[in-house]
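K.L.:
Take this structure first; my questions come after.
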Amino acid sequence: MAGSEPVTAPDQHRPGHRKSGRIGAVLSAVALVLMALCGNHEGNVENIWLFGLAALLLAIVIGDAVLRRNGLRS
(Lines give C-alpha, C1' and ligand atoms only; values in the text may rest on other atoms or scores of the structure.)
Protein backbone atom coordinates (compact mmCIF):
# COMPACT_ATOMS: atom_id res chain seq x y z
CA MET A 1 0.00 0.00 0.00
CA ALA A 2 2.94 2.36 0.39
CA GLY A 3 3.26 2.63 -3.37
CA SER A 4 -0.01 4.52 -3.77
CA GLU A 5 0.41 6.95 -0.85
CA PRO A 6 3.42 9.07 0.07
CA VAL A 7 5.28 7.94 3.16
CA THR A 8 5.42 10.72 5.75
CA ALA A 9 6.46 10.97 9.38
CA PRO A 10 3.86 11.73 12.06
CA ASP A 11 5.69 14.99 12.87
CA GLN A 12 4.89 16.31 9.39
CA HIS A 13 1.17 16.27 10.18
CA ARG A 14 1.44 18.40 13.31
CA PRO A 15 0.88 22.12 12.87
CA GLY A 16 3.72 24.46 13.69
CA HIS A 17 3.78 26.98 16.47
CA ARG A 18 1.64 29.73 14.98
CA LYS A 19 1.80 32.09 17.96
CA SER A 20 5.58 32.00 18.22
CA GLY A 21 5.83 32.66 14.49
CA ARG A 22 3.64 35.74 14.82
CA ILE A 23 5.63 36.97 17.82
CA GLY A 24 8.89 36.45 15.93
CA ALA A 25 7.61 38.37 12.90
CA VAL A 26 6.43 41.29 15.03
CA LEU A 27 9.72 41.41 16.97
CA SER A 28 11.65 41.33 13.69
CA ALA A 29 9.58 44.21 12.35
CA VAL A 30 10.24 46.20 15.53
CA ALA A 31 13.97 45.49 15.22
CA LEU A 32 13.94 46.70 11.59
CA VAL A 33 12.20 49.94 12.57
CA LEU A 34 14.68 50.49 15.41
CA MET A 35 17.56 49.92 12.99
CA ALA A 36 16.09 52.55 10.68
CA LEU A 37 15.61 55.07 13.48
CA CYS A 38 18.88 54.52 15.36
CA GLY A 39 21.17 53.67 12.46
CA ASN A 40 24.37 55.49 11.60
CA HIS A 41 23.60 55.76 7.88
CA GLU A 42 23.07 59.05 6.08
CA GLY A 43 21.08 58.03 3.01
CA ASN A 44 17.38 57.31 2.89
CA VAL A 45 17.61 54.20 0.72
CA GLU A 46 18.36 52.10 3.79
CA ASN A 47 15.41 53.62 5.64
CA ILE A 48 13.07 52.85 2.75
CA TRP A 49 14.16 49.21 2.68
CA LEU A 50 13.96 48.77 6.45
CA PHE A 51 10.53 50.39 6.77
CA GLY A 52 9.29 48.51 3.70
CA LEU A 53 10.40 45.13 5.02
CA ALA A 54 8.89 45.87 8.43
CA ALA A 55 5.59 46.84 6.78
CA LEU A 56 5.66 43.68 4.68
CA LEU A 57 6.17 41.49 7.75
CA LEU A 58 3.30 43.18 9.57
CA ALA A 59 1.04 42.92 6.51
CA ILE A 60 1.72 39.17 6.32
CA VAL A 61 0.90 38.70 10.02
CA ILE A 62 -2.29 40.76 9.77
CA GLY A 63 -3.34 39.05 6.54
CA ASP A 64 -2.80 35.63 8.08
CA ALA A 65 -4.88 36.57 11.13
CA VAL A 66 -7.73 37.88 8.98
CA LEU A 67 -7.73 34.81 6.73
CA ARG A 68 -7.75 32.45 9.72
CA ARG A 69 -10.56 34.38 11.42
CA ASN A 70 -12.70 34.21 8.27
CA GLY A 71 -12.03 30.49 7.88
CA LEU A 72 -10.24 30.83 4.57
CA ARG A 73 -7.04 29.28 5.90
CA SER A 74 -6.59 26.35 8.23
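Within each chain, counting starts at residue 1; across the C-alpha coordinates, chains are named A, B, ... in the order shown, with ligands numbered 1 upward in that order.
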Within chain A, find each residue whose DSSP state, derived from the backbone, is alpha helix (DSSP H), and express the selection as a PyMOL selection string.
P.N.:
chain A and resi 18-38+45-69
K.L.:
For atom CA of A:Asn70 and atom CA of A:His17, determine how far apart the two atoms are, in Å to one decimal place.
P.N.:
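We find that atom CA of A:Asn70 and atom CA of A:His17 lie 19.8 Å from each other.
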K.L.:
Pick from A:Phe51, A:Arg18, A:Asn40, A:Val33: nearest to A:Asp64, with only C-alpha atoms counted?
P.N.:
A:Arg18
K.L.:
In terms of the shortest atom-to-atom distance over only C-alpha atoms, which of A:Leu72, A:Ile60, A:Ala55, A:Leu67 is closest to A:Val30?
P.N.:
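Among the listed residues, the smallest separation from A:Val30 belongs to A:Ala55.
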K.L.:
Tell me which of A:Ala9, A:Leu50, A:Ala25, A:Ala59 sits closest to A:Leu37, counting only C-alpha atoms.
P.N.:
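Once distances to A:Leu37 are computed over only C-alpha atoms, the minimum belongs to A:Leu50.
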K.L.:
Rounded to one decimal place, report the atom CA of A:Leu57-atom CA of A:Gly16 distance in Å.
P.N.:
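If I compute the distance from atom CA of A:Leu57 to atom CA of A:Gly16, I get 18.2 Å.
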K.L.:
May I ask which of the residues A:Val45, A:Leu53, A:Val7, A:Ala65 is the closest one to A:Ser28, counting only C-alpha atoms?
P.N.:
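Checking each of A:Val45, A:Leu53, A:Val7, A:Ala65 against A:Ser28, counting only C-alpha atoms, the winner is A:Leu53.
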K.L.:
Calculate how many Å separate atom CA of A:Ala29 from atom CA of A:Gly52, rounding to one decimal.
P.N.:
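About the pair atom CA of A:Ala29 and atom CA of A:Gly52: they are 9.7 Å apart.
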K.L.:
Could you pull the residues within 10 Å of A:Ile62, counting only C-alpha atoms, minus those fewer than 6 positions along the same chain, as a list in words?
P.N.:
Arg22, Leu56 and Arg68 of chain A
K.L.:
Take the residues just selected and output them with C-alpha atoms as a PDB file, in the first residue's frame.
P.N.:
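Resulting contents of out23.pdb:
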ATOM      1  CA  ARG A  22       3.644  35.736  14.825  1.00  0.00           C
ATOM      2  CA  LEU A  56       5.662  43.680   4.675  1.00  0.00           C
ATOM      3  CA  ARG A  68      -7.749  32.450   9.720  1.00  0.00           C
TER       4      ARG A  68
END
